[in-house]
$ cat upload01.pdb   # PDB, C-alpha atoms, pLDDT in the B column
ATOM      1  CA  MET A  13      21.859   0.475  -0.561  1.00 82.00           C
ATOM      2  CA  GLN A  14      18.224  -0.270   0.355  1.00 89.00           C
ATOM      3  CA  LEU A  15      16.701   0.436   3.742  1.00 93.00           C
ATOM      4  CA  PHE A  16      13.119  -0.482   4.707  1.00 97.00           C
ATOM      5  CA  ARG A  17      11.609   1.392   7.640  1.00 97.00           C
ATOM      6  CA  PRO A  18       8.328   2.720   9.008  1.00 97.00           C
ATOM      7  CA  ALA A  19       7.456   6.179   7.728  1.00 97.00           C
ATOM      8  CA  ARG A  20       7.998   9.189   9.965  1.00 97.00           C
ATOM      9  CA  PRO A  21       5.915  12.403   9.975  1.00 98.00           C
ATOM     10  CA  GLU A  22       8.663  14.271   8.132  1.00 98.00           C
ATOM     11  CA  ASP A  23       8.382  11.755   5.250  1.00 98.00           C
ATOM     12  CA  ALA A  24       4.852  12.823   4.319  1.00 98.00           C
ATOM     13  CA  ALA A  25       5.806  15.436   1.698  1.00 98.00           C
ATOM     14  CA  ARG A  26       8.212  13.087  -0.107  1.00 98.00           C
ATOM     15  CA  CYS A  27       5.625  10.284  -0.045  1.00 98.00           C
ATOM     16  CA  ARG A  28       3.058  12.697  -1.510  1.00 97.00           C
ATOM     17  CA  GLU A  29       5.462  13.513  -4.357  1.00 97.00           C
ATOM     18  CA  ILE A  30       5.811   9.818  -5.127  1.00 97.00           C
ATOM     19  CA  GLU A  31       2.064   9.220  -4.852  1.00 93.00           C
ATOM     20  CA  ALA A  32       1.383  12.093  -7.264  1.00 94.00           C
ATOM     21  CA  ALA A  33       3.854  10.627  -9.769  1.00 94.00           C
ATOM     22  CA  ALA A  34       2.481   7.089  -9.492  1.00 89.00           C
ATOM     23  CA  TYR A  35      -1.282   7.760  -9.576  1.00 85.00           C
ATOM     24  CA  SER A  36      -3.600  10.007 -11.555  1.00 81.00           C
ATOM     25  CA  ALA A  37      -4.634  13.289  -9.969  1.00 81.00           C
ATOM     26  CA  ARG A  38      -8.041  11.781  -9.095  1.00 83.00           C
ATOM     27  CA  GLU A  39      -6.482   8.696  -7.482  1.00 83.00           C
ATOM     28  CA  ALA A  40      -3.562  10.188  -5.548  1.00 88.00           C
ATOM     29  CA  ALA A  41      -4.064  10.868  -1.868  1.00 91.00           C
ATOM     30  CA  PRO A  42      -3.520  14.474  -0.758  1.00 93.00           C
ATOM     31  CA  LEU A  43      -0.702  15.389   1.612  1.00 96.00           C
ATOM     32  CA  SER A  44      -3.095  15.658   4.573  1.00 95.00           C
ATOM     33  CA  ARG A  45      -4.319  12.096   4.056  1.00 94.00           C
ATOM     34  CA  ILE A  46      -0.783  10.733   3.739  1.00 96.00           C
ATOM     35  CA  ALA A  47       0.229  12.561   6.929  1.00 97.00           C
ATOM     36  CA  ASP A  48      -2.837  11.145   8.719  1.00 95.00           C
ATOM     37  CA  ARG A  49      -1.974   7.604   7.582  1.00 95.00           C
ATOM     38  CA  ILE A  50       1.572   7.955   8.925  1.00 97.00           C
ATOM     39  CA  ALA A  51       0.310   9.349  12.235  1.00 96.00           C
ATOM     40  CA  THR A  52      -2.527   6.835  12.621  1.00 94.00           C
ATOM     41  CA  TYR A  53      -0.799   3.589  11.636  1.00 95.00           C
ATOM     42  CA  PRO A  54       2.981   4.047  11.227  1.00 94.00           C
ATOM     43  CA  GLN A  55       3.611   0.301  11.484  1.00 92.00           C
ATOM     44  CA  GLY A  56       1.507  -0.121   8.336  1.00 96.00           C
ATOM     45  CA  PHE A  57       3.304   2.612   6.393  1.00 98.00           C
ATOM     46  CA  LEU A  58       6.600   1.268   5.086  1.00 98.00           C
ATOM     47  CA  VAL A  59       9.093   3.271   3.042  1.00 98.00           C
ATOM     48  CA  VAL A  60      12.106   2.077   1.093  1.00 97.00           C
ATOM     49  CA  GLU A  61      15.160   4.274   0.876  1.00 97.00           C
ATOM     50  CA  GLN A  62      17.633   3.863  -1.970  1.00 93.00           C
ATOM     51  CA  ASN A  63      20.978   5.453  -1.107  1.00 92.00           C
ATOM     52  CA  GLY A  64      19.328   7.663   1.511  1.00 94.00           C
ATOM     53  CA  VAL A  65      16.417   8.841  -0.687  1.00 96.00           C
ATOM     54  CA  ILE A  66      12.844   7.638  -0.181  1.00 98.00           C
ATOM     55  CA  ALA A  67      12.172   5.772  -3.415  1.00 98.00           C
ATOM     56  CA  GLY A  68       8.791   4.198  -2.645  1.00 97.00           C
ATOM     57  CA  PHE A  69       6.278   3.181  -0.018  1.00 97.00           C
ATOM     58  CA  ILE A  70       3.305   1.037   0.946  1.00 97.00           C
ATOM     59  CA  ASN A  71       0.610   2.233   3.313  1.00 95.00           C
ATOM     60  CA  SER A  72      -2.262   0.343   4.866  1.00 96.00           C
ATOM     61  CA  GLY A  73      -4.883   0.037   7.553  1.00 94.00           C
ATOM     62  CA  CYS A  74      -6.456  -2.927   9.335  1.00 95.00           C
ATOM     63  CA  ALA A  75     -10.033  -4.132   9.538  1.00 93.00           C
ATOM     64  CA  HIS A  76     -12.006  -6.969  11.090  1.00 94.00           C
ATOM     65  CA  ASP A  77     -14.343  -7.158   8.083  1.00 90.00           C
ATOM     66  CA  VAL A  78     -12.863  -6.096   4.773  1.00 88.00           C
ATOM     67  CA  ASP A  79     -15.088  -4.239   2.321  1.00 82.00           C
ATOM     68  CA  MET A  80     -12.809  -3.152  -0.505  1.00 75.00           C
ATOM     69  CA  ALA A  81     -15.576  -1.008  -2.021  1.00 72.00           C
ATOM     70  CA  ASP A  82     -15.717   1.128   1.140  1.00 70.00           C
ATOM     71  CA  ASP A  83     -13.944   4.256  -0.065  1.00 71.00           C
ATOM     72  CA  ALA A  84     -14.207   5.801   3.425  1.00 73.00           C
ATOM     73  CA  PHE A  85     -11.534   3.347   4.561  1.00 75.00           C
ATOM     74  CA  LYS A  86      -9.000   5.336   2.506  1.00 78.00           C
ATOM     75  CA  ALA A  87      -9.295   7.895   5.308  1.00 77.00           C
ATOM     76  CA  LEU A  88      -8.880   4.984   7.767  1.00 84.00           C
ATOM     77  CA  ALA A  89     -12.526   5.146   8.845  1.00 86.00           C
ATOM     78  CA  GLY A  90     -13.050   1.899  10.750  1.00 84.00           C
ATOM     79  CA  HIS A  91      -9.321   1.171  11.026  1.00 90.00           C
ATOM     80  CA  ASP A  92      -8.381  -0.983  14.029  1.00 94.00           C
ATOM     81  CA  PRO A  93      -4.636  -1.664  14.403  1.00 94.00           C
ATOM     82  CA  ASP A  94      -5.434  -4.905  16.244  1.00 95.00           C
ATOM     83  CA  ALA A  95      -7.675  -6.274  13.471  1.00 96.00           C
ATOM     84  CA  PRO A  96      -6.310  -9.337  11.655  1.00 97.00           C
ATOM     85  CA  ASN A  97      -6.827  -8.163   8.063  1.00 96.00           C
ATOM     86  CA  VAL A  98      -4.532  -5.643   6.392  1.00 97.00           C
ATOM     87  CA  VAL A  99      -5.855  -3.427   3.599  1.00 94.00           C
ATOM     88  CA  ILE A 100      -3.194  -1.850   1.381  1.00 95.00           C
ATOM     89  CA  LEU A 101      -4.202   1.677   0.429  1.00 91.00           C
ATOM     90  CA  SER A 102      -1.373   2.439  -1.979  1.00 92.00           C
ATOM     91  CA  VAL A 103       1.894   1.085  -3.303  1.00 94.00           C
ATOM     92  CA  ALA A 104       4.078   3.592  -5.113  1.00 95.00           C
ATOM     93  CA  VAL A 105       7.626   3.765  -6.434  1.00 96.00           C
ATOM     94  CA  ASP A 106       9.111   6.982  -7.777  1.00 96.00           C
ATOM     95  CA  PRO A 107       9.391   6.640 -11.577  1.00 95.00           C
ATOM     96  CA  ALA A 108      13.113   7.504 -11.301  1.00 95.00           C
ATOM     97  CA  PHE A 109      13.580   4.308  -9.253  1.00 95.00           C
ATOM     98  CA  GLN A 110      11.327   1.967 -11.221  1.00 93.00           C
ATOM     99  CA  GLY A 111      12.781  -1.089 -12.926  1.00 91.00           C
ATOM    100  CA  MET A 112      15.173  -1.779 -10.043  1.00 92.00           C
ATOM    101  CA  GLY A 113      13.043  -4.415  -8.299  1.00 91.00           C
ATOM    102  CA  LEU A 114      12.057  -2.030  -5.511  1.00 92.00           C
ATOM    103  CA  ALA A 115       8.315  -2.729  -5.719  1.00 91.00           C
ATOM    104  CA  ARG A 116       8.927  -6.464  -5.281  1.00 92.00           C
ATOM    105  CA  ALA A 117      11.428  -5.952  -2.447  1.00 94.00           C
ATOM    106  CA  LEU A 118       9.129  -3.435  -0.755  1.00 95.00           C
ATOM    107  CA  MET A 119       6.164  -5.791  -0.988  1.00 94.00           C
ATOM    108  CA  GLN A 120       8.188  -8.735   0.355  1.00 95.00           C
ATOM    109  CA  SER A 121       9.415  -6.692   3.319  1.00 96.00           C
ATOM    110  CA  PHE A 122       5.871  -5.475   3.986  1.00 97.00           C
ATOM    111  CA  VAL A 123       4.475  -9.034   3.927  1.00 97.00           C
ATOM    112  CA  ARG A 124       7.168 -10.233   6.368  1.00 97.00           C
ATOM    113  CA  ARG A 125       6.306  -7.382   8.740  1.00 96.00           C
ATOM    114  CA  MET A 126       2.602  -8.219   8.594  1.00 97.00           C
ATOM    115  CA  VAL A 127       3.322 -11.916   9.239  1.00 97.00           C
ATOM    116  CA  ASP A 128       5.545 -10.943  12.186  1.00 96.00           C
ATOM    117  CA  GLY A 129       2.709  -8.709  13.419  1.00 95.00           C
ATOM    118  CA  GLY A 130       0.323 -11.678  13.525  1.00 97.00           C
ATOM    119  CA  LYS A 131      -1.935 -10.551  10.678  1.00 98.00           C
ATOM    120  CA  SER A 132      -4.100 -13.114   8.832  1.00 97.00           C
ATOM    121  CA  SER A 133      -4.485 -11.615   5.363  1.00 97.00           C
ATOM    122  CA  ILE A 134      -3.516  -8.708   3.123  1.00 97.00           C
ATOM    123  CA  HIS A 135      -6.079  -7.209   0.745  1.00 94.00           C
ATOM    124  CA  LEU A 136      -5.537  -4.746  -2.080  1.00 92.00           C
ATOM    125  CA  MET A 137      -7.204  -3.253  -5.127  1.00 85.00           C
ATOM    126  CA  CYS A 138      -5.377  -2.696  -8.387  1.00 87.00           C
ATOM    127  CA  LYS A 139      -5.990  -1.967 -12.033  1.00 81.00           C
ATOM    128  CA  SER A 140      -6.124  -4.899 -14.452  1.00 88.00           C
ATOM    129  CA  HIS A 141      -2.572  -4.492 -15.775  1.00 89.00           C
ATOM    130  CA  TYR A 142      -1.184  -5.032 -12.254  1.00 88.00           C
ATOM    131  CA  VAL A 143      -3.097  -8.273 -11.584  1.00 95.00           C
ATOM    132  CA  PRO A 144      -0.358 -10.557 -13.032  1.00 95.00           C
ATOM    133  CA  MET A 145       2.345  -8.791 -11.010  1.00 91.00           C
ATOM    134  CA  TYR A 146       0.443  -9.247  -7.758  1.00 93.00           C
ATOM    135  CA  GLU A 147      -0.290 -12.875  -8.623  1.00 96.00           C
ATOM    136  CA  LYS A 148       3.471 -13.438  -9.009  1.00 94.00           C
ATOM    137  CA  LEU A 149       3.901 -11.946  -5.541  1.00 94.00           C
ATOM    138  CA  GLY A 150       1.456 -14.481  -4.065  1.00 95.00           C
ATOM    139  CA  TYR A 151      -1.866 -12.651  -4.193  1.00 97.00           C
ATOM    140  CA  ARG A 152      -5.014 -14.398  -5.396  1.00 97.00           C
ATOM    141  CA  TYR A 153      -7.524 -12.663  -7.653  1.00 96.00           C
ATOM    142  CA  VAL A 154     -10.897 -12.282  -5.892  1.00 94.00           C
ATOM    143  CA  ARG A 155     -13.129 -10.279  -8.278  1.00 83.00           C
ATOM    144  CA  GLY A 156     -13.722  -7.040 -10.062  1.00 77.00           C
ATOM    145  CA  SER A 157     -14.445  -4.491  -7.367  1.00 75.00           C
ATOM    146  CA  ALA A 158     -17.693  -2.620  -6.831  1.00 69.00           C
ATOM    147  CA  SER A 159     -15.573   0.411  -5.924  1.00 70.00           C
ATOM    148  CA  GLY A 160     -15.809   3.228  -8.390  1.00 60.00           C
ATOM    149  CA  PHE A 161     -12.966   5.150  -6.755  1.00 61.00           C
ATOM    150  CA  ALA A 162     -11.667   7.906  -9.039  1.00 60.00           C
ATOM    151  CA  GLY A 163     -13.860   6.604 -11.853  1.00 61.00           C
ATOM    152  CA  ALA A 164     -11.548   3.644 -12.496  1.00 64.00           C
ATOM    153  CA  ALA A 165     -12.135  -0.119 -12.760  1.00 73.00           C
ATOM    154  CA  TRP A 166     -10.472  -1.925  -9.843  1.00 77.00           C
ATOM    155  CA  HIS A 167      -9.763  -5.568  -9.054  1.00 88.00           C
ATOM    156  CA  GLU A 168      -9.683  -7.060  -5.576  1.00 90.00           C
ATOM    157  CA  MET A 169      -6.861  -9.370  -4.549  1.00 93.00           C
ATOM    158  CA  VAL A 170      -5.939 -11.149  -1.318  1.00 96.00           C
ATOM    159  CA  MET A 171      -2.994 -12.932   0.229  1.00 97.00           C
ATOM    160  CA  ASN A 172      -3.690 -15.260   3.141  1.00 97.00           C
ATOM    161  CA  LEU A 173      -0.796 -15.243   5.600  1.00 96.00           C
TER     162      LEU A 173
END
$ encode --input "upload01.pdb" --output "structure tokens"
Amino acid sequence: MQLFRPARPEDAARCREIEAAAYSAREAAPLSRIADRIATYPQGFLVVEQNGVIAGFINSGCAHDVDMADDAFKALAGHDPDAPNVVILSVAVDPAFQGMGLARALMQSFVRRMVDGGKSSIHLMCKSHYVPMYEKLGYRYVRGSASGFAGAAWHEMVMNL
């Protein structure tokens, strides 16, 4: 059974485990940053439970002017919960739960929550092999990003709500 809910402070360690499994060591957020994201903007940090176990999550912040190359935003510098634009910071599903459609279901639930919250757009950065997946979910490719975060090549995408 799947359950989608906002993250709670006690979820931080499990979310860090998933983040570490889904991203390279240079890309994965540390536990302190994940805990700060939950505390700062819990309505933008959505987890999915599968049979009572946190299987994945999405976390985000909001901005009036989105600059995807601004790596300081990963620490929610400039975050304003009332801003109309959502910036996804990470999407991660535990490898043990991949292939079950959880990423799609998680993203769809997240989008509905942002629409219900009156947001105007959702922005994200991803690696090139994820571009087609996000396009299938309704995101539009914007450009290759100027961000050099973790030494990787990133691509900016947006969904207007």
$ resolve_selection --input "upload01.pdb" --expression "the PyMOL selection byres ((chain A and resi 57) around 7)" --output "PyMOL selection string"
chain A and resi 18-19+50+53-56+58-59+70-72
$ closest_residue --input "upload01.pdb" --among "A:Ala75, A:Ala37, A:Ala81, A:Ile134" --to "His167 of chain A" --atoms "only C-alpha atoms"
A:Ala81
$ atom_distance --input "upload01.pdb" --atom1 "atom CA of Tyr35 of chain A" --atom2 "atom CA of Lys131 of chain A"
27.3 Å
$ closest_residue --input "upload01.pdb" --among "A:Leu149, A:Val154, A:Val170, A:Met119" --to "Val99 of chain A" --atoms "all atoms listed in the file"
A:Val170
$ resolve_selection --input "upload01.pdb" --expression "the PyMOL selection byres ((chain A and resi 94) around 9)" --output "VMD selection string"
chain A and resid 74 to 76 91 to 93 95 to 97 131
$ write_last_selection --input "upload01.pdb" --atoms "C-alpha atoms" --output "PDB file, in the coordinates of the input"
ATOM      1  CA  CYS A  74      -6.456  -2.927   9.335  1.00 95.00           C
ATOM      2  CA  ALA A  75     -10.033  -4.132   9.538  1.00 93.00           C
ATOM      3  CA  HIS A  76     -12.006  -6.969  11.090  1.00 94.00           C
ATOM      4  CA  HIS A  91      -9.321   1.171  11.026  1.00 90.00           C
ATOM      5  CA  ASP A  92      -8.381  -0.983  14.029  1.00 94.00           C
ATOM      6  CA  PRO A  93      -4.636  -1.664  14.403  1.00 94.00           C
ATOM      7  CA  ALA A  95      -7.675  -6.274  13.471  1.00 96.00           C
ATOM      8  CA  PRO A  96      -6.310  -9.337  11.655  1.00 97.00           C
ATOM      9  CA  ASN A  97      -6.827  -8.163   8.063  1.00 96.00           C
ATOM     10  CA  LYS A 131      -1.935 -10.551  10.678  1.00 98.00           C
TER      11      LYS A 131
END
$ residues_around --input "upload01.pdb" --residues "segment 110-115 of chain A" --least-positions-apart "6" --cutoff "9 Å" --atoms "all atoms listed in the file" --output "mmCIF file with C-alpha atoms, keeping the file's coordinate frame"
data_model
loop_
_atom_site.group_PDB
_atom_site.id
_atom_site.type_symbol
_atom_site.label_atom_id
_atom_site.label_comp_id
_atom_site.auth_asym_id
_atom_site.auth_seq_id
_atom_site.Cartn_x
_atom_site.Cartn_y
_atom_site.Cartn_z
ATOM 1 C CA GLN A 14 18.224 -0.270 0.355
ATOM 2 C CA VAL A 60 12.106 2.077 1.093
ATOM 3 C CA GLN A 62 17.633 3.863 -1.970
ATOM 4 C CA ALA A 67 12.172 5.772 -3.415
ATOM 5 C CA GLY A 68 8.791 4.198 -2.645
ATOM 6 C CA PHE A 69 6.278 3.181 -0.018
ATOM 7 C CA VAL A 103 1.894 1.085 -3.303
ATOM 8 C CA ALA A 104 4.078 3.592 -5.113
#
$ resolve_selection --input "upload01.pdb" --expression "the PyMOL selection byres ((chain A and resi 151) around 9)" --output "list in words"
Ile134, His135, Leu136, Val143, Met145, Tyr146, Glu147, Lys148, Leu149, Gly150, Arg152, Tyr153, Met169, Val170, Met171 and Asn172 of chain A
$ atom_distance --input "upload01.pdb" --atom1 "atom CA of Arg20 of chain A" --atom2 "atom CA of Trp166 of chain A"
29.3 Å
$ residues_around --input "upload01.pdb" --residues "Pro21 of chain A" --least-positions-apart "4" --cutoff "12 Å" --atoms "only C-alpha atoms" --output "ChimeraX atom specification"
/A:25-28,43-54,57,59
$ atom_distance --input "upload01.pdb" --atom1 "atom CA of Val123 of chain A" --atom2 "atom CA of Arg38 of chain A"
27.6 Å
$ axis_aligned_box --input "upload01.pdb" --around "segment 88-96 of chain A" --padding-each-side "4 Å" --output "AutoDock Vina command-line options"
--center_x -8.8 --center_y -2.1 --center_z 12.0 --size_x 16.4 --size_y 22.5 --size_z 16.5
$ closest_residue --input "upload01.pdb" --among "A:Gly129, A:Gly156, A:Pro144, A:Gly90" --to "Leu173 of chain A" --atoms "all atoms listed in the file"
A:Gly129
$ closest_residue --input "upload01.pdb" --among "A:Ala40, A:Ala32, A:Val127, A:Leu118" --to "Leu101 of chain A" --atoms "all atoms listed in the file"
A:Ala40
$ residues_near_point --input "upload01.pdb" --point "(-17.9, -3.4, -0.9)" --cutoff "9 Å" --atoms "only C-alpha atoms" --output "number ranges by chain"
A: 78-83, 157-159
